[in-house]
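Printed here is structure-v2.pdb (PDB, C-alpha atoms):
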```
ATOM      1  CA  MET Z   1      31.991 -47.765   1.927  1.00  0.00           C
ATOM      2  CA  LEU Z   2      32.467 -49.900  -1.180  1.00  0.00           C
ATOM      3  CA  PHE Z   3      32.042 -53.669  -0.949  1.00  0.00           C
ATOM      4  CA  LYS Z   4      33.703 -56.338  -3.127  1.00  0.00           C
ATOM      5  CA  SER Z   5      30.313 -57.116  -4.673  1.00  0.00           C
ATOM      6  CA  GLY Z   6      30.113 -53.579  -6.043  1.00  0.00           C
ATOM      7  CA  SER Z   7      27.502 -52.555  -3.496  1.00  0.00           C
ATOM      8  CA  TYR Z   8      28.134 -49.450  -1.478  1.00  0.00           C
ATOM      9  CA  LEU Z   9      26.970 -47.724   1.647  1.00  0.00           C
ATOM     10  CA  ARG Z  10      26.670 -43.960   1.477  1.00  0.00           C
ATOM     11  CA  VAL Z  11      25.442 -41.496   4.072  1.00  0.00           C
ATOM     12  CA  VAL Z  12      23.277 -38.759   2.582  1.00  0.00           C
ATOM     13  CA  THR Z  13      21.859 -35.828   4.498  1.00  0.00           C
ATOM     14  CA  PRO Z  14      18.078 -35.864   4.088  1.00  0.00           C
ATOM     15  CA  SER Z  15      17.092 -32.670   2.324  1.00  0.00           C
ATOM     16  CA  ARG Z  16      15.145 -31.488  -0.685  1.00  0.00           C
ATOM     17  CA  THR Z  17      18.177 -32.125  -2.923  1.00  0.00           C
ATOM     18  CA  GLY Z  18      20.300 -34.482  -0.767  1.00  0.00           C
ATOM     19  CA  PRO Z  19      19.865 -37.720  -2.759  1.00  0.00           C
ATOM     20  CA  ARG Z  20      19.606 -36.084  -6.197  1.00  0.00           C
ATOM     21  CA  GLY Z  21      21.171 -38.203  -8.946  1.00  0.00           C
ATOM     22  CA  LEU Z  22      21.469 -41.386  -6.867  1.00  0.00           C
ATOM     23  CA  ASP Z  23      19.825 -44.771  -7.508  1.00  0.00           C
ATOM     24  CA  LEU Z  24      19.157 -46.294  -4.113  1.00  0.00           C
ATOM     25  CA  ASP Z  25      18.044 -49.849  -3.317  1.00  0.00           C
ATOM     26  CA  LEU Z  26      17.553 -49.161   0.374  1.00  0.00           C
ATOM     27  CA  ILE Z  27      16.939 -45.955   2.295  1.00  0.00           C
ATOM     28  CA  LEU Z  28      17.182 -46.028   6.081  1.00  0.00           C
ATOM     29  CA  LEU Z  29      15.790 -42.794   7.450  1.00  0.00           C
ATOM     30  CA  ASP Z  30      16.420 -42.307  11.152  1.00  0.00           C
ATOM     31  CA  GLU Z  31      14.450 -39.906  13.351  1.00  0.00           C
ATOM     32  CA  ALA Z  32      11.514 -39.582  10.959  1.00  0.00           C
ATOM     33  CA  LEU Z  33       9.917 -37.264  13.512  1.00  0.00           C
ATOM     34  CA  ALA Z  34      12.459 -34.565  12.618  1.00  0.00           C
ATOM     35  CA  HIS Z  35      11.744 -34.393   8.882  1.00  0.00           C
ATOM     36  CA  PRO Z  36       8.943 -32.779   6.874  1.00  0.00           C
ATOM     37  CA  ALA Z  37       6.597 -34.933   4.789  1.00  0.00           C
ATOM     38  CA  ALA Z  38       7.894 -33.092   1.710  1.00  0.00           C
ATOM     39  CA  LEU Z  39      11.119 -35.109   2.021  1.00  0.00           C
ATOM     40  CA  LEU Z  40       9.315 -38.084   0.466  1.00  0.00           C
ATOM     41  CA  ALA Z  41       9.090 -36.224  -2.841  1.00  0.00           C
ATOM     42  CA  SER Z  42      12.884 -36.015  -3.057  1.00  0.00           C
ATOM     43  CA  LEU Z  43      13.460 -39.633  -1.989  1.00  0.00           C
ATOM     44  CA  ASN Z  44      10.975 -41.363  -4.301  1.00  0.00           C
ATOM     45  CA  PRO Z  45      12.805 -40.623  -7.593  1.00  0.00           C
ATOM     46  CA  THR Z  46      16.037 -42.133  -6.220  1.00  0.00           C
ATOM     47  CA  GLN Z  47      14.298 -45.492  -5.973  1.00  0.00           C
ATOM     48  CA  ALA Z  48      12.207 -45.399  -9.149  1.00  0.00           C
ATOM     49  CA  ALA Z  49      14.903 -47.002 -11.326  1.00  0.00           C
ATOM     50  CA  ARG Z  50      15.162 -49.949  -8.927  1.00  0.00           C
ATOM     51  CA  ASP Z  51      11.412 -50.508  -8.844  1.00  0.00           C
ATOM     52  CA  SER Z  52      11.243 -50.779 -12.643  1.00  0.00           C
ATOM     53  CA  ASN Z  53      14.334 -52.993 -13.033  1.00  0.00           C
ATOM     54  CA  PRO Z  54      13.279 -56.610 -13.742  1.00  0.00           C
ATOM     55  CA  HIS Z  55      16.493 -57.922 -12.122  1.00  0.00           C
ATOM     56  CA  SER Z  56      15.818 -56.147  -8.830  1.00  0.00           C
ATOM     57  CA  ILE Z  57      13.512 -57.010  -5.950  1.00  0.00           C
ATOM     58  CA  GLY Z  58      12.651 -53.323  -5.855  1.00  0.00           C
ATOM     59  CA  ALA Z  59      13.655 -50.518  -3.585  1.00  0.00           C
ATOM     60  CA  GLN Z  60      12.999 -50.458   0.133  1.00  0.00           C
ATOM     61  CA  PHE Z  61      12.355 -47.466   2.352  1.00  0.00           C
ATOM     62  CA  VAL Z  62      12.641 -47.885   6.122  1.00  0.00           C
ATOM     63  CA  ALA Z  63      11.783 -45.041   8.483  1.00  0.00           C
ATOM     64  CA  LEU Z  64      12.719 -45.290  12.149  1.00  0.00           C
ATOM     65  CA  SER Z  65      11.550 -42.981  14.873  1.00  0.00           C
ATOM     66  CA  ASN Z  66      10.169 -42.539  18.302  1.00  0.00           C
ATOM     67  CA  GLU Z  67       6.890 -40.653  18.718  1.00  0.00           C
ATOM     68  CA  GLY Z  68       6.796 -37.076  17.511  1.00  0.00           C
ATOM     69  CA  ASP Z  69       4.632 -34.092  18.245  1.00  0.00           C
ATOM     70  CA  ASP Z  70       2.240 -32.248  15.920  1.00  0.00           C
ATOM     71  CA  THR Z  71       5.166 -30.985  13.806  1.00  0.00           C
ATOM     72  CA  ALA Z  72       6.341 -34.535  12.901  1.00  0.00           C
ATOM     73  CA  THR Z  73       4.628 -34.480   9.506  1.00  0.00           C
ATOM     74  CA  LEU Z  74       6.742 -37.174   7.822  1.00  0.00           C
ATOM     75  CA  LEU Z  75       6.303 -39.573  10.735  1.00  0.00           C
ATOM     76  CA  HIS Z  76       2.542 -38.999  10.851  1.00  0.00           C
ATOM     77  CA  THR Z  77       2.203 -39.397   7.072  1.00  0.00           C
ATOM     78  CA  LEU Z  78       4.056 -42.723   7.150  1.00  0.00           C
ATOM     79  CA  THR Z  79       2.218 -43.968  10.242  1.00  0.00           C
ATOM     80  CA  GLU Z  80      -1.176 -43.202   8.706  1.00  0.00           C
ATOM     81  CA  ALA Z  81      -0.175 -44.921   5.453  1.00  0.00           C
ATOM     82  CA  GLY Z  82       1.041 -47.959   7.396  1.00  0.00           C
ATOM     83  CA  ARG Z  83      -2.130 -48.227   9.471  1.00  0.00           C
ATOM     84  CA  ARG Z  84      -4.242 -47.877   6.327  1.00  0.00           C
ATOM     85  CA  ALA Z  85      -2.213 -50.629   4.613  1.00  0.00           C
ATOM     86  CA  VAL Z  86      -2.738 -52.971   7.571  1.00  0.00           C
ATOM     87  CA  ALA Z  87      -6.484 -52.256   7.631  1.00  0.00           C
ATOM     88  CA  GLU Z  88      -6.812 -52.821   3.870  1.00  0.00           C
ATOM     89  CA  GLY Z  89      -4.535 -55.875   3.661  1.00  0.00           C
ATOM     90  CA  ASP Z  90      -1.982 -54.048   1.483  1.00  0.00           C
ATOM     91  CA  ARG Z  91       1.102 -56.290   1.622  1.00  0.00           C
ATOM     92  CA  SER Z  92       3.372 -53.773  -0.146  1.00  0.00           C
ATOM     93  CA  ARG Z  93       3.861 -51.822   3.086  1.00  0.00           C
ATOM     94  CA  MET Z  94       4.706 -52.826   6.653  1.00  0.00           C
ATOM     95  CA  LEU Z  95       4.215 -51.020   9.911  1.00  0.00           C
ATOM     96  CA  PHE Z  96       5.834 -52.064  13.179  1.00  0.00           C
ATOM     97  CA  GLU Z  97       4.540 -49.989  16.031  1.00  0.00           C
ATOM     98  CA  TRP Z  98       5.221 -50.374  19.742  1.00  0.00           C
ATOM     99  CA  SER Z  99       3.610 -48.119  22.282  1.00  0.00           C
ATOM    100  CA  ALA Z 100       1.779 -48.087  25.562  1.00  0.00           C
ATOM    101  CA  GLU Z 101      -1.867 -47.122  25.937  1.00  0.00           C
ATOM    102  CA  SER Z 102      -2.312 -43.346  25.764  1.00  0.00           C
ATOM    103  CA  ASP Z 103      -3.850 -43.146  29.257  1.00  0.00           C
ATOM    104  CA  CYS Z 104      -1.180 -45.211  31.043  1.00  0.00           C
ATOM    105  CA  ASP Z 105       1.293 -43.921  33.611  1.00  0.00           C
ATOM    106  CA  PRO Z 106       4.735 -43.941  31.928  1.00  0.00           C
ATOM    107  CA  TYR Z 107       6.391 -44.045  35.367  1.00  0.00           C
ATOM    108  CA  ASP Z 108       4.582 -47.236  36.426  1.00  0.00           C
ATOM    109  CA  PRO Z 109       7.073 -50.166  36.171  1.00  0.00           C
ATOM    110  CA  ALA Z 110       4.231 -52.496  35.174  1.00  0.00           C
ATOM    111  CA  VAL Z 111       3.654 -50.426  32.021  1.00  0.00           C
TER     112      VAL Z 111
END
```
What does this structure look like when you write it as structure tokens?
Amino acid sequence: MLFKSGSYLRVVTPSRTGPRGLDLDLILLDEALAHPAALLASLNPTQAARDSNPHSIGAQFVALSNEGDDTATLLHTLTEAGRRAVAEGDRSRMLFEWSAESDCDPYDPAV
């Protein structure tokens, strides 16, 4: 989708080579639980040009997901980095996390 401003919206399949050759200001990655942590290596170069451009606010990467299992390496990598950033006061990263206590009854309406 091309906008009058010259901006565009493009859907790219996340893969090792999916975004190759693109300069992206914003990446919205849905279902982070389904992707390997290695995907980050292919996404980072697509945003590098934006981060070094003095006329840009920089690139943004947003990962969305529900909880994954032990195989959700990308989700766990990002969650750990977000928690570490919160603990250290790193304002370059944000983490929004909603969950119930691990020992709660998910079928209890009060939860």
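CA of Ser92 (chain Z) to CA of Ala59 (chain Z) spans 11.3 Å [interatomic distance, one decimal].
Here the PyMOL selection byres ((chain Z and resi 40) around 12) captures the residues Z:Pro14, Z:Ser15, Z:Arg16, Z:Thr17, Z:Gly18, Z:Pro19, Z:Ile27, Z:Leu29, Z:Ala32, Z:His35, Z:Pro36, Z:Ala37, Z:Ala38, Z:Leu39, Z:Ala41, Z:Ser42, Z:Leu43, Z:Asn44, Z:Pro45, Z:Thr46, Z:Gln47, Z:Phe61, Z:Val62, Z:Ala63, Z:Thr73, Z:Leu74, Z:Leu75, Z:Thr77, Z:Leu78.
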Name the residues in contact with Arg83 (chain Z) at a cut-off of 9 Å, using all atoms listed in the file, excluding same-chain residues fewer than 5 positions from it; report them as a compact mmCIF listing (two decimals) with C-alpha atoms, in the frame of the given file.
```txt
# COMPACT_ATOMS: atom_id res chain seq x y z
CA LEU Z 78 4.06 -42.72 7.15
CA GLU Z 88 -6.81 -52.82 3.87
CA MET Z 94 4.71 -52.83 6.65
CA LEU Z 95 4.22 -51.02 9.91
```
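Counting from CA of Trp98 (chain Z), the distance to CA of Gln60 (chain Z) is 21.1 Å.
Among the candidates Z:Leu2, Z:Leu28, Z:Leu22, Z:Ala34, the residue lying nearest to Leu64 (chain Z) is Z:Leu28 (atoms considered: all atoms listed in the file).
Here CA of Asp25 (chain Z) and CA of Arg10 (chain Z) stand 11.5 Å from one another.
Comparing Z:Phe96, Z:Ser5, Z:Glu67, Z:Asp23 by their smallest distance to Gly82 (chain Z), the closest is Z:Phe96 (using all atoms listed in the file).
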When distances are computed from only C-alpha atoms, which of Z:Val111, Z:Arg91, Z:Ala81, Z:Ser99 shows the smallest separation from Asn66 (chain Z)?
-> Z:Ser99
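Shortest separation to Asp30 (chain Z) among Z:Val11, Z:Lys4, Z:Val86, Z:Thr71 occurs at residue Z:Val11, atoms counted being only C-alpha atoms.
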